[in-house]
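**Student:** Below is the file structure_27.pdb, which contains PDB, C-alpha atoms and all ligand atoms.
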MODEL        1
ATOM      1  CA  MET A   1      11.367  16.483   3.053
ATOM      2  CA  THR A   2      13.483  14.538   0.579
ATOM      3  CA  ASN A   3      15.110  11.140   0.437
ATOM      4  CA  PRO A   4      18.831  11.892   0.840
ATOM      5  CA  GLY A   5      19.585   8.370   2.055
ATOM      6  CA  GLY A   6      17.931   6.965  -1.062
ATOM      7  CA  HIS A   7      16.077   4.296   0.894
ATOM      8  CA  PRO A   8      13.811   2.075  -1.184
ATOM      9  CA  LEU A   9      10.087   2.638  -1.705
ATOM     10  CA  ASN A  10       8.297  -0.623  -0.896
ATOM     11  CA  VAL A  11       5.470  -1.125  -3.372
ATOM     12  CA  LEU A  12       2.419  -3.140  -2.326
ATOM     13  CA  LEU A  13       0.549  -4.413  -5.376
ATOM     14  CA  THR A  14      -2.763  -5.349  -3.763
ATOM     15  CA  PHE A  15      -5.691  -7.139  -5.410
ATOM     16  CA  ASP A  16      -9.123  -7.377  -3.829
ATOM     17  CA  VAL A  17     -10.490 -10.758  -4.884
ATOM     18  CA  GLU A  18     -14.273 -11.069  -4.886
ATOM     19  CA  ILE A  19     -17.267 -12.460  -6.760
ATOM     20  CA  TRP A  20     -20.574 -10.775  -7.563
ATOM     21  CA  CYS A  21     -23.721 -12.381  -8.922
ATOM     22  CA  SER A  22     -25.112  -9.169 -10.520
ATOM     23  CA  GLY A  23     -27.584  -8.619  -7.681
ATOM     24  CA  TRP A  24     -28.995 -10.821  -4.923
ATOM     25  CA  ASP A  25     -31.821 -12.605  -6.778
ATOM     26  CA  ASP A  26     -31.197 -16.221  -7.781
ATOM     27  CA  ILE A  27     -27.592 -16.178  -6.612
ATOM     28  CA  ASP A  28     -27.484 -20.000  -6.709
ATOM     29  CA  GLY A  29     -28.434 -19.995 -10.371
ATOM     30  CA  ARG A  30     -26.038 -17.209 -11.235
ATOM     31  CA  PHE A  31     -23.041 -18.281  -9.188
ATOM     32  CA  PRO A  32     -21.345 -20.775 -11.559
ATOM     33  CA  GLN A  33     -21.133 -18.233 -14.387
ATOM     34  CA  ALA A  34     -20.132 -15.425 -11.998
ATOM     35  CA  PHE A  35     -17.330 -17.594 -10.606
ATOM     36  CA  ARG A  36     -16.039 -18.403 -14.098
ATOM     37  CA  ARG A  37     -16.027 -14.753 -15.091
ATOM     38  CA  TYR A  38     -14.710 -13.145 -11.909
ATOM     39  CA  ILE A  39     -12.114 -15.749 -11.009
ATOM     40  CA  HIS A  40     -11.003 -17.150 -14.372
ATOM     41  CA  GLY A  41     -12.215 -14.591 -16.911
ATOM     42  CA  ALA A  42     -11.896 -17.163 -19.674
ATOM     43  CA  SER A  43     -12.122 -15.911 -23.259
ATOM     44  CA  GLN A  44     -10.470 -16.894 -26.537
ATOM     45  CA  ALA A  45      -7.648 -14.526 -25.593
ATOM     46  CA  GLY A  46      -6.866 -16.363 -22.322
ATOM     47  CA  ASN A  47      -7.876 -16.326 -18.640
ATOM     48  CA  TYR A  48      -7.616 -12.594 -17.974
ATOM     49  CA  ALA A  49      -8.959 -12.558 -14.407
ATOM     50  CA  LEU A  50      -6.929 -14.111 -11.592
ATOM     51  CA  PRO A  51      -4.741 -16.519 -13.651
ATOM     52  CA  LYS A  52      -3.396 -13.817 -16.015
ATOM     53  CA  THR A  53      -2.887 -11.390 -13.127
ATOM     54  CA  LEU A  54      -0.727 -13.988 -11.345
ATOM     55  CA  GLU A  55       1.092 -14.883 -14.573
ATOM     56  CA  ILE A  56       2.062 -11.262 -15.320
ATOM     57  CA  LEU A  57       3.259 -10.656 -11.752
ATOM     58  CA  ASN A  58       5.372 -13.794 -11.750
ATOM     59  CA  ALA A  59       6.774 -13.144 -15.233
ATOM     60  CA  HIS A  60       8.379 -10.027 -13.788
ATOM     61  CA  GLY A  61       9.416 -11.564 -10.462
ATOM     62  CA  LEU A  62       7.035  -9.401  -8.428
ATOM     63  CA  LYS A  63       5.249  -9.922  -5.143
ATOM     64  CA  GLY A  64       1.487  -9.369  -4.910
ATOM     65  CA  VAL A  65      -0.945  -9.268  -1.989
ATOM     66  CA  PHE A  66      -4.369 -10.830  -2.614
ATOM     67  CA  PHE A  67      -7.059  -9.686  -0.202
ATOM     68  CA  VAL A  68      -9.543 -12.533  -0.639
ATOM     69  CA  GLU A  69     -13.238 -12.085   0.238
ATOM     70  CA  PRO A  70     -14.326 -15.364   1.934
ATOM     71  CA  LEU A  71     -17.871 -14.661   3.238
ATOM     72  CA  PHE A  72     -19.459 -15.824  -0.028
ATOM     73  CA  ALA A  73     -18.295 -19.325   1.000
ATOM     74  CA  ALA A  74     -20.669 -19.207   3.997
ATOM     75  CA  HIS A  75     -23.378 -19.659   1.360
ATOM     76  CA  PHE A  76     -21.708 -21.590  -1.457
ATOM     77  CA  GLY A  77     -19.484 -23.929   0.556
ATOM     78  CA  PRO A  78     -15.700 -24.260   0.851
ATOM     79  CA  GLU A  79     -14.663 -25.583  -2.596
ATOM     80  CA  PRO A  80     -14.805 -22.351  -4.652
ATOM     81  CA  LEU A  81     -12.877 -20.469  -1.974
ATOM     82  CA  ALA A  82     -10.299 -23.263  -1.789
ATOM     83  CA  GLU A  83      -9.911 -23.024  -5.583
ATOM     84  CA  ILE A  84      -9.191 -19.270  -5.361
ATOM     85  CA  VAL A  85      -6.715 -19.738  -2.527
ATOM     86  CA  GLY A  86      -5.075 -22.599  -4.438
ATOM     87  CA  LEU A  87      -4.534 -20.457  -7.553
ATOM     88  CA  ILE A  88      -2.888 -17.703  -5.516
ATOM     89  CA  ARG A  89      -0.749 -19.986  -3.371
ATOM     90  CA  ASP A  90       0.348 -22.144  -6.300
ATOM     91  CA  ALA A  91       1.673 -18.926  -7.836
ATOM     92  CA  GLY A  92       3.625 -18.250  -4.620
ATOM     93  CA  GLN A  93       1.673 -15.108  -3.778
ATOM     94  CA  GLU A  94       0.253 -13.842  -0.490
ATOM     95  CA  VAL A  95      -3.355 -14.258   0.720
ATOM     96  CA  GLN A  96      -4.857 -11.794   3.189
ATOM     97  CA  LEU A  97      -8.422 -11.069   4.350
ATOM     98  CA  HIS A  98     -10.955  -8.890   2.520
ATOM     99  CA  LEU A  99     -14.552  -8.675   3.742
ATOM    100  CA  HIS A 100     -17.827  -7.635   2.116
ATOM    101  CA  PRO A 101     -20.328  -8.078   4.948
ATOM    102  CA  GLU A 102     -23.314  -7.836   2.573
ATOM    103  CA  TRP A 103     -22.782 -11.609   2.231
ATOM    104  CA  GLN A 104     -23.505 -12.270   5.935
ATOM    105  CA  ASP A 105     -27.292 -12.545   5.601
ATOM    106  CA  GLU A 106     -26.796 -15.133   2.824
ATOM    107  CA  SER A 107     -24.864 -17.410   5.199
ATOM    108  CA  LEU A 108     -26.516 -20.811   5.669
ATOM    109  CA  VAL A 109     -25.660 -20.613   9.387
ATOM    110  CA  PRO A 110     -26.079 -17.193  11.073
ATOM    111  CA  ILE A 111     -22.771 -15.509  11.901
ATOM    112  CA  ILE A 112     -24.248 -12.748  14.087
ATOM    113  CA  GLU A 113     -27.436 -12.515  16.124
ATOM    114  CA  ASN A 114     -29.010  -9.662  14.135
ATOM    115  CA  HIS A 115     -28.483 -11.324  10.764
ATOM    116  CA  ALA A 116     -31.787 -10.907   8.900
ATOM    117  CA  ALA A 117     -31.253  -7.609   7.102
ATOM    118  CA  LYS A 118     -28.642  -6.981   4.440
ATOM    119  CA  ARG A 119     -26.229  -4.288   5.598
ATOM    120  CA  GLN A 120     -23.673  -3.372   2.980
ATOM    121  CA  HIS A 121     -20.793  -1.762   4.791
ATOM    122  CA  LEU A 122     -18.656  -2.879   7.719
ATOM    123  CA  PHE A 123     -19.245   0.408   9.564
ATOM    124  CA  MET A 124     -22.964  -0.506   9.725
ATOM    125  CA  TYR A 125     -22.099  -3.259  12.232
ATOM    126  CA  ASP A 126     -21.218  -2.705  15.898
ATOM    127  CA  VAL A 127     -17.857  -3.675  17.311
ATOM    128  CA  ASP A 128     -18.957  -7.146  18.464
ATOM    129  CA  GLU A 129     -20.555  -7.872  15.096
ATOM    130  CA  GLN A 130     -17.417  -6.702  13.260
ATOM    131  CA  THR A 131     -15.340  -8.943  15.530
ATOM    132  CA  ALA A 132     -17.565 -11.931  14.703
ATOM    133  CA  LEU A 133     -17.580 -11.219  10.945
ATOM    134  CA  ILE A 134     -13.792 -10.819  10.749
ATOM    135  CA  GLY A 135     -13.372 -13.948  12.902
ATOM    136  CA  HIS A 136     -15.634 -15.909  10.575
ATOM    137  CA  GLY A 137     -13.715 -14.673   7.540
ATOM    138  CA  LEU A 138     -10.494 -15.908   9.173
ATOM    139  CA  ARG A 139     -12.064 -19.310   9.866
ATOM    140  CA  LEU A 140     -13.251 -19.689   6.275
ATOM    141  CA  LEU A 141      -9.791 -18.820   4.932
ATOM    142  CA  ASN A 142      -8.167 -21.210   7.417
ATOM    143  CA  GLU A 143     -10.490 -23.980   6.245
ATOM    144  CA  ALA A 144      -9.460 -23.138   2.664
ATOM    145  CA  GLY A 145      -5.838 -23.784   3.604
ATOM    146  CA  VAL A 146      -4.496 -20.347   4.567
ATOM    147  CA  GLY A 147      -2.352 -20.431   7.699
ATOM    148  CA  GLU A 148      -1.547 -17.028   9.074
ATOM    149  CA  ILE A 149      -3.468 -13.895   8.121
ATOM    150  CA  SER A 150      -1.715 -10.687   9.134
ATOM    151  CA  ALA A 151      -3.574  -8.014   7.140
ATOM    152  CA  PHE A 152      -7.129  -6.900   6.470
ATOM    153  CA  ARG A 153      -8.985  -4.675   4.028
ATOM    154  CA  ALA A 154     -12.654  -3.760   4.501
ATOM    155  CA  GLY A 155     -14.850  -4.029   1.410
ATOM    156  CA  SER A 156     -15.285  -0.599  -0.233
ATOM    157  CA  PHE A 157     -12.738   0.770   2.297
ATOM    158  CA  ALA A 158     -15.702   1.003   4.714
ATOM    159  CA  CYS A 159     -13.835   0.749   8.005
ATOM    160  CA  ASN A 160     -14.596   2.827  11.084
ATOM    161  CA  GLU A 161     -13.006   3.242  14.516
ATOM    162  CA  ASP A 162     -14.561  -0.056  15.729
ATOM    163  CA  THR A 163     -12.814  -1.976  12.942
ATOM    164  CA  PHE A 164      -9.474  -1.473  14.674
ATOM    165  CA  THR A 165     -10.796  -2.941  17.939
ATOM    166  CA  ALA A 166     -12.239  -5.880  15.993
ATOM    167  CA  LEU A 167      -8.877  -6.447  14.270
ATOM    168  CA  LYS A 168      -7.028  -6.358  17.586
ATOM    169  CA  ARG A 169      -9.446  -8.907  19.066
ATOM    170  CA  ASN A 170      -8.769 -11.177  16.098
ATOM    171  CA  GLY A 171      -4.995 -10.748  16.300
ATOM    172  CA  ILE A 172      -4.604  -9.055  12.891
ATOM    173  CA  ARG A 173      -1.650  -6.646  12.986
ATOM    174  CA  HIS A 174      -1.959  -4.735   9.695
ATOM    175  CA  ASP A 175      -4.837  -2.949   8.036
ATOM    176  CA  SER A 176      -5.243  -1.435   4.587
ATOM    177  CA  SER A 177      -8.868  -0.245   4.788
ATOM    178  CA  LEU A 178      -8.290   3.477   4.731
ATOM    179  CA  ASN A 179      -8.809   5.481   1.545
ATOM    180  CA  ILE A 180      -8.780   9.206   2.270
ATOM    181  CA  THR A 181     -10.405  10.043  -1.065
ATOM    182  CA  MET A 182     -13.622   8.438   0.268
ATOM    183  CA  ASP A 183     -15.590  10.264   2.976
ATOM    184  CA  HIS A 184     -17.031   7.016   4.366
ATOM    185  CA  SER A 185     -13.612   5.458   4.951
ATOM    186  CA  GLY A 186     -12.380   5.656   8.545
ATOM    187  CA  THR A 187     -15.447   7.303  10.077
ATOM    188  CA  GLY A 188     -15.121   7.934  13.798
ATOM    189  CA  LEU A 189     -11.342   7.987  13.681
ATOM    190  CA  PRO A 190      -9.633  11.146  14.947
ATOM    191  CA  ALA A 191      -8.617  13.507  12.129
ATOM    192  CA  GLU A 192      -4.908  12.772  12.627
ATOM    193  CA  ALA A 193      -5.560   9.071  11.930
ATOM    194  CA  ARG A 194      -7.438   9.720   8.651
ATOM    195  CA  ARG A 195      -4.331  10.414   6.613
ATOM    196  CA  THR A 196      -2.084   8.754   4.049
ATOM    197  CA  GLY A 197       1.179   7.098   4.922
ATOM    198  CA  SER A 198       1.607   4.104   7.221
ATOM    199  CA  HIS A 199       0.791   4.947  10.857
ATOM    200  CA  TRP A 200      -0.301   3.284  14.054
ATOM    201  CA  ILE A 201      -3.969   3.211  15.032
ATOM    202  CA  ASP A 202      -3.934   1.723  18.524
ATOM    203  CA  SER A 203      -1.968  -1.508  18.047
ATOM    204  CA  THR A 204      -2.679  -1.866  14.297
ATOM    205  CA  LEU A 205      -0.255  -0.604  11.663
ATOM    206  CA  GLU A 206      -2.430   1.115   9.066
ATOM    207  CA  LEU A 207      -1.186   1.204   5.461
ATOM    208  CA  PRO A 208      -3.729   3.371   3.651
ATOM    209  CA  LEU A 209      -4.212   3.197  -0.078
ATOM    210  CA  SER A 210      -1.735   5.628  -1.657
ATOM    211  CA  VAL A 211      -3.044   8.829  -3.184
ATOM    212  CA  SER A 212      -1.455  11.256  -5.576
ATOM    213  CA  ARG A 213      -2.095  14.900  -6.385
ATOM    214  CA  GLY A 214      -2.933  15.750  -9.978
ATOM    215  CA  ARG A 215      -1.762  18.919 -11.716
ATOM    216  CA  GLN A 216      -5.045  20.645 -10.935
ATOM    217  CA  GLY A 217      -4.834  19.728  -7.248
ATOM    218  CA  SER A 218      -7.336  16.889  -7.067
ATOM    219  CA  LEU A 219      -6.458  13.738  -5.146
ATOM    220  CA  ARG A 220      -6.652  10.379  -6.884
ATOM    221  CA  HIS A 221      -6.239   6.963  -5.294
ATOM    222  CA  MET A 222      -3.747   4.665  -6.913
ATOM    223  CA  GLN A 223      -5.748   2.017  -8.753
ATOM    224  CA  ILE A 224      -4.647   0.193 -11.899
ATOM    225  CA  GLY A 225      -8.036   0.648 -13.559
ATOM    226  CA  ALA A 226      -8.274   4.348 -12.682
ATOM    227  CA  CYS A 227      -4.826   5.834 -13.384
ATOM    228  CA  SER A 228      -2.728   6.066 -16.528
ATOM    229  CA  TYR A 229       0.612   4.233 -16.587
ATOM    230  CA  GLU A 230       2.308   7.634 -16.589
ATOM    231  CA  GLU A 231       0.391   8.753 -13.468
ATOM    232  CA  MET A 232       1.336   5.544 -11.671
ATOM    233  CA  VAL A 233       5.036   5.752 -12.518
ATOM    234  CA  GLN A 234       5.293   9.486 -11.804
ATOM    235  CA  SER A 235       3.591   8.935  -8.444
ATOM    236  CA  ILE A 236       6.010   6.129  -7.562
ATOM    237  CA  GLN A 237       9.021   8.224  -8.582
ATOM    238  CA  SER A 238       7.829  11.257  -6.675
ATOM    239  CA  ALA A 239       6.935   9.192  -3.568
ATOM    240  CA  HIS A 240      10.471   7.789  -3.598
ATOM    241  CA  ALA A 241      12.009  11.249  -4.031
ATOM    242  CA  SER A 242       9.951  12.587  -1.106
ATOM    243  CA  GLY A 243      11.133   9.807   1.195
ATOM    244  CA  TRP A 244       8.034   7.606   1.495
ATOM    245  CA  ARG A 245       8.653   3.984   2.496
ATOM    246  CA  TYR A 246       5.410   2.429   1.202
ATOM    247  CA  PHE A 247       3.327   2.801  -1.914
ATOM    248  CA  ASN A 248       0.025   0.933  -1.821
ATOM    249  CA  VAL A 249      -1.665   0.216  -5.177
ATOM    250  CA  LEU A 250      -5.175  -1.234  -5.629
ATOM    251  CA  SER A 251      -6.508  -3.576  -8.270
ATOM    252  CA  HIS A 252      -9.064  -6.401  -8.418
ATOM    253  CA  ASN A 253      -9.203  -9.933  -9.779
ATOM    254  CA  PHE A 254     -11.464  -8.702 -12.616
ATOM    255  CA  GLU A 255      -9.836  -5.354 -13.384
ATOM    256  CA  MET A 256      -8.291  -6.494 -16.688
ATOM    257  CA  LEU A 257     -11.751  -7.447 -18.021
ATOM    258  CA  VAL A 258     -14.184  -5.231 -19.913
ATOM    259  CA  PRO A 259     -17.014  -4.584 -17.387
ATOM    260  CA  GLY A 260     -19.816  -7.118 -17.682
ATOM    261  CA  THR A 261     -17.830  -9.440 -19.987
ATOM    262  CA  SER A 262     -14.946 -11.928 -19.879
ATOM    263  CA  LEU A 263     -13.095 -10.098 -22.665
ATOM    264  CA  PRO A 264      -9.737  -8.507 -21.885
ATOM    265  CA  ASP A 265      -9.685  -4.722 -21.607
ATOM    266  CA  TRP A 266      -6.491  -4.223 -23.581
ATOM    267  CA  VAL A 267      -5.900  -0.714 -22.225
ATOM    268  CA  VAL A 268      -5.748  -2.035 -18.663
ATOM    269  CA  VAL A 269      -3.836  -5.178 -19.661
ATOM    270  CA  LYS A 270      -1.162  -3.018 -21.304
ATOM    271  CA  ARG A 271      -1.102  -0.594 -18.387
ATOM    272  CA  PHE A 272      -0.667  -3.354 -15.792
ATOM    273  CA  THR A 273       1.926  -5.177 -17.888
ATOM    274  CA  ARG A 274       3.952  -1.974 -18.403
ATOM    275  CA  LEU A 275       3.797  -1.205 -14.667
ATOM    276  CA  CYS A 276       5.055  -4.708 -13.864
ATOM    277  CA  GLU A 277       7.866  -4.317 -16.433
ATOM    278  CA  PHE A 278       8.850  -1.021 -14.818
ATOM    279  CA  LEU A 279       8.832  -2.484 -11.288
ATOM    280  CA  GLY A 280      10.634  -5.610 -12.474
ATOM    281  CA  LYS A 281      13.458  -3.465 -13.864
ATOM    282  CA  HIS A 282      13.767  -1.271 -10.773
ATOM    283  CA  GLN A 283      13.465  -3.762  -7.933
ATOM    284  CA  GLU A 284      16.302  -2.261  -5.886
ATOM    285  CA  LYS A 285      14.661   1.140  -5.809
ATOM    286  CA  TYR A 286      11.020   0.017  -5.772
ATOM    287  CA  PRO A 287      10.870  -3.521  -4.340
ATOM    288  CA  THR A 288       7.435  -5.120  -4.227
ATOM    289  CA  THR A 289       6.521  -6.503  -0.843
ATOM    290  CA  GLY A 290       3.751  -8.077   1.231
ATOM    291  CA  PHE A 291       2.574  -8.028   4.811
ATOM    292  CA  GLY A 292       4.144 -11.367   5.617
ATOM    293  CA  ASN A 293       7.682 -10.148   4.922
ATOM    294  CA  GLY A 294       8.656  -9.033   8.422
ATOM    295  CA  GLU A 295       8.228  -5.838  10.349
ATOM    296  CA  MET A 296       6.663  -2.800   8.728
ATOM    297  CA  THR A 297       7.113   0.689  10.113
ATOM    298  CA  ASP A 298       5.231   3.958  10.273
ATOM    299  CA  GLU A 299       6.163   6.790   7.890
ATOM    300  CA  SER A 300       7.881   9.984   8.986
ATOM    301  CA  PRO A 301       5.285  12.734   9.395
ATOM    302  CA  GLY A 302       5.067  15.642   6.954
ATOM    303  CA  LEU A 303       6.129  13.960   3.704
ATOM    304  CA  ALA A 304       4.917  15.667   0.520
ATOM    305  CA  LEU A 305       2.169  13.809  -1.345
ATOM    306  CA  PRO A 306       3.224  12.139  -4.597
ATOM    307  CA  SER A 307       2.209  14.164  -7.638
ATOM    308  CA  THR A 308       1.626  13.823 -11.366
ATOM    309  CA  THR A 309       1.855  16.101 -14.423
ATOM    310  CA  PHE A 310      -0.993  17.510 -16.490
ATOM    311  CA  SER A 311      -0.008  15.450 -19.532
ATOM    312  CA  ALA A 312      -0.175  12.235 -17.464
ATOM    313  CA  ASN A 313      -3.673  13.274 -16.274
ATOM    314  CA  LEU A 314      -4.727  13.985 -19.885
ATOM    315  CA  LYS A 315      -3.412  10.569 -20.946
ATOM    316  CA  ARG A 316      -5.696   8.951 -18.377
ATOM    317  CA  ASN A 317      -8.722  10.945 -19.612
ATOM    318  CA  ALA A 318      -8.000   9.854 -23.188
ATOM    319  CA  GLU A 319      -7.556   6.196 -22.157
ATOM    320  CA  GLN A 320     -10.745   6.150 -20.099
ATOM    321  CA  GLY A 321     -12.659   7.658 -23.059
ATOM    322  CA  TYR A 322     -11.262   4.994 -25.371
ATOM    323  CA  ARG A 323     -12.214   2.258 -22.854
ATOM    324  CA  ARG A 324     -15.832   3.463 -22.765
ATOM    325  CA  VAL A 325     -16.034   3.191 -26.559
ATOM    326  CA  ALA A 326     -14.366  -0.261 -26.463
ATOM    327  CA  GLN A 327     -16.873  -1.384 -23.816
ATOM    328  CA  LYS A 328     -19.818  -0.329 -26.013
ATOM    329  CA  TRP A 329     -18.275  -2.285 -28.892
ATOM    330  CA  ALA A 330     -17.825  -5.387 -26.673
ATOM    331  CA  GLU A 331     -21.458  -5.136 -25.490
ATOM    332  CA  PHE A 332     -22.575  -4.836 -29.134
ATOM    333  CA  ARG A 333     -20.550  -7.934 -30.116
ATOM    334  CA  GLN A 334     -21.981  -9.917 -27.190
ATOM    335  CA  GLY A 335     -25.453  -8.953 -28.424
TER
HETATM  336 ZN    ZN B 401     -14.021  -5.480  -2.412
ENDMDL
END
Please, can you express the file's structure as structure tokens?
Ligand SMILES: [Zn+2]

**Tutor:**
Amino acid sequence: MTNPGGHPLNVLLTFDVEIWCSGWDDIDGRFPQAFRRYIHGASQAGNYALPKTLEILNAHGLKGVFFVEPLFAAHFGPEPLAEIVGLIRDAGQEVQLHLHPEWQDESLVPIIENHAAKRQHLFMYDVDEQTALIGHGLRLLNEAGVGEISAFRAGSFACNEDTFTALKRNGIRHDSSLNITMDHSGTGLPAEARRTGSHWIDSTLELPLSVSRGRQGSLRHMQIGACSYEEMVQSIQSAHASGWRYFNVLSHNFEMLVPGTSLPDWVVVKRFTRLCEFLGKHQEKYPTTGFGNGEMTDESPGLALPSTTFSANLKRNAEQGYRRVAQKWAEFRQG
């Protein structure tokens, strides 16, 4: 299948926005520093977490989708969540719902009846519990100033068949929780629903994370921190040539930071900036879009997976090796 009509490939640049306190002990003591690092990422070089991400997107006139995790606010109160939402909305970008249910047992007021034990993944909760957790996430985002939420992404892509019932009950029309490179993503769904490309699951339009086939046949999900620039661009070009309508890319609020620090990871900064330059130059062919921009459709069946060359795969291996060395150096400098 090719793209004789030359229709555009809509690119979704999606960012999962979340905070971690490096474990669950003393989260109250650790939260202020975690918030500064994960949300602002302030260093002498600049604020390379959420603020720089928004700045780079806007400098190139691109649309981004920010899946914001709100359940942490059930413990820490509404202000930090409102600050996150404010940063994103002030930049004119889209907020949608992300959920890491391992926060539920930290909530000051129980959200579900069986709330005592920490359960990490959404598929560990039954359909009524998932409905309540998603509903509570919506309420927290509403209280933080977000009006309509039309899309959802489960933390760690850990959706199952019940997630789609829970979304329907909460009136959420789009989902982006499926990642076919992960065995735990989409458990319980029929095999024909566990695939790439936008498709209907009951009354929800599923837009799975895009995947690409490397030269040696392995599948790789499209994440800024895990692909070379060349792999990303080749995958976009080949998806367009094959006639895909959507290309769904993952990143996080902290993906431009060296792990465990607030220092910029210059390899990822350069990679993300180059990708935004590329998309900014080719907006007619590869427009960036969000879920709030009108009707989305399902893909034609049988489209060839996007693919990348061996040299692009090698480039990624070299970059990831360099990043590991740079991380050791940053840890050394931080003492
Ligand atoms: Zn997440």

**Student:** Which residue is closest to A:Pro80? Choose from A:Leu263, A:Val68, A:Met124, A:Ala330 and count all atoms listed in the file.

**Tutor:**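 Looking only at the distances to A:Pro80, the closest residue turns out to be A:Val68.
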
**Student:** May I have a table of the residues of chain A lying at most 8 Å from ligand ZN 401 (chain B), giving each one's closest pair of atoms and their distance in Å to one decimal, counting only C-alpha atoms and all ligand atoms, ordered by chain and ascending residue number, as CSV?

**Tutor:**
residue,atom,partner,partner_atom,distance
A:Asp16,CA,B:ZN401,ZN,5.4
A:Val17,CA,B:ZN401,ZN,6.8
A:Glu18,CA,B:ZN401,ZN,6.1
A:Glu69,CA,B:ZN401,ZN,7.2
A:His98,CA,B:ZN401,ZN,6.7
A:Leu99,CA,B:ZN401,ZN,7.0
A:His100,CA,B:ZN401,ZN,6.3
A:Ala154,CA,B:ZN401,ZN,7.3
A:Gly155,CA,B:ZN401,ZN,4.2
A:Ser156,CA,B:ZN401,ZN,5.5
A:Phe157,CA,B:ZN401,ZN,7.9
A:His252,CA,B:ZN401,ZN,7.8

**Student:** Take the selection from the previous step and output its residues with C-alpha atoms, as a JSON list (two decimals), in the frame of the given file.

**Tutor:**
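Saved to part-v1.json:
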[["chain", "number", "residue", "atom", "x", "y", "z"],
["A", 16, "ASP", "CA", -9.12, -7.38, -3.83],
["A", 17, "VAL", "CA", -10.49, -10.76, -4.88],
["A", 18, "GLU", "CA", -14.27, -11.07, -4.89],
["A", 69, "GLU", "CA", -13.24, -12.08, 0.24],
["A", 98, "HIS", "CA", -10.96, -8.89, 2.52],
["A", 99, "LEU", "CA", -14.55, -8.68, 3.74],
["A", 100, "HIS", "CA", -17.83, -7.64, 2.12],
["A", 154, "ALA", "CA", -12.65, -3.76, 4.50],
["A", 155, "GLY", "CA", -14.85, -4.03, 1.41],
["A", 156, "SER", "CA", -15.28, -0.60, -0.23],
["A", 157, "PHE", "CA", -12.74, 0.77, 2.30],
["A", 252, "HIS", "CA", -9.06, -6.40, -8.42]]

**Student:** Go ahead and find all residues with at least one atom no further than 10 Å from (-6.8, -13.6, -20.5) in the file's coordinates, using all atoms listed in the file; report them as a PyMOL selection string.

**Tutor:** chain A and resi 40-53+55+256-257+262-266+269

**Student:** Please dump the current selection as a PDB file, keeping the file's coordinate frame; keep C-alpha atoms.

**Tutor:**
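File again-v8.pdb, as written:
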ATOM      1  CA  HIS A  40     -11.003 -17.150 -14.372  1.00  0.00           C
ATOM      2  CA  GLY A  41     -12.215 -14.591 -16.911  1.00  0.00           C
ATOM      3  CA  ALA A  42     -11.896 -17.163 -19.674  1.00  0.00           C
ATOM      4  CA  SER A  43     -12.122 -15.911 -23.259  1.00  0.00           C
ATOM      5  CA  GLN A  44     -10.470 -16.894 -26.537  1.00  0.00           C
ATOM      6  CA  ALA A  45      -7.648 -14.526 -25.593  1.00  0.00           C
ATOM      7  CA  GLY A  46      -6.866 -16.363 -22.322  1.00  0.00           C
ATOM      8  CA  ASN A  47      -7.876 -16.326 -18.640  1.00  0.00           C
ATOM      9  CA  TYR A  48      -7.616 -12.594 -17.974  1.00  0.00           C
ATOM     10  CA  ALA A  49      -8.959 -12.558 -14.407  1.00  0.00           C
ATOM     11  CA  LEU A  50      -6.929 -14.111 -11.592  1.00  0.00           C
ATOM     12  CA  PRO A  51      -4.741 -16.519 -13.651  1.00  0.00           C
ATOM     13  CA  LYS A  52      -3.396 -13.817 -16.015  1.00  0.00           C
ATOM     14  CA  THR A  53      -2.887 -11.390 -13.127  1.00  0.00           C
ATOM     15  CA  GLU A  55       1.092 -14.883 -14.573  1.00  0.00           C
ATOM     16  CA  MET A 256      -8.291  -6.494 -16.688  1.00  0.00           C
ATOM     17  CA  LEU A 257     -11.751  -7.447 -18.021  1.00  0.00           C
ATOM     18  CA  SER A 262     -14.946 -11.928 -19.879  1.00  0.00           C
ATOM     19  CA  LEU A 263     -13.095 -10.098 -22.665  1.00  0.00           C
ATOM     20  CA  PRO A 264      -9.737  -8.507 -21.885  1.00  0.00           C
ATOM     21  CA  ASP A 265      -9.685  -4.722 -21.607  1.00  0.00           C
ATOM     22  CA  TRP A 266      -6.491  -4.223 -23.581  1.00  0.00           C
ATOM     23  CA  VAL A 269      -3.836  -5.178 -19.661  1.00  0.00           C
TER      24      VAL A 269
END

**Student:** Return the single residue from A:Arg139, A:Lys270, A:Arg194, A:Arg316 that is closest to A:Arg220, with distances computed using all atoms listed in the file.

**Tutor:**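 With all atoms listed in the file as the atom set, the closest residue is A:Arg316.
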
**Student:** Mind telling me what the PyMOL selection byres (((chain A and resi 6) around 12) and not hetatm) catches here, as JSON, numbers by chain?

**Tutor:** {"A": [2, 3, 4, 5, 7, 8, 9, 237, 239, 240, 241, 242, 243, 244, 245, 284, 285, 286]}

**Student:** Between atom CA of A:Lys281 and atom CA of A:Gly61, what is the distance in Å, rounded to a tenth?

**Tutor:**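 Atom CA of A:Gly61 lies at a distance of 9.7 Å from atom CA of A:Lys281.
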
**Student:** Which residue, A:Asn114, A:Asn248, A:Gln33, A:Ser22, has the smallest gap to A:Phe291 when you use only C-alpha atoms?

**Tutor:**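 Going through A:Asn114, A:Asn248, A:Gln33, A:Ser22 one by one, the smallest distance to A:Phe291 is for A:Asn248.
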
**Student:** As an exercise, work out the distance from atom CA of A:Arg195 to atom CA of A:Lys315 in Å and give it to one decimal place.

**Tutor:** 27.6 Å

**Student:** Excluding same-chain residues fewer than 5 positions from stretch 167-178 of chain A, what lies within 9 Å of it counting only C-alpha atoms, as number ranges by chain?

**Tutor:** A: 130-132, 134-135, 138, 149-160, 162, 185-186, 194-196, 202-209, 248, 291, 296
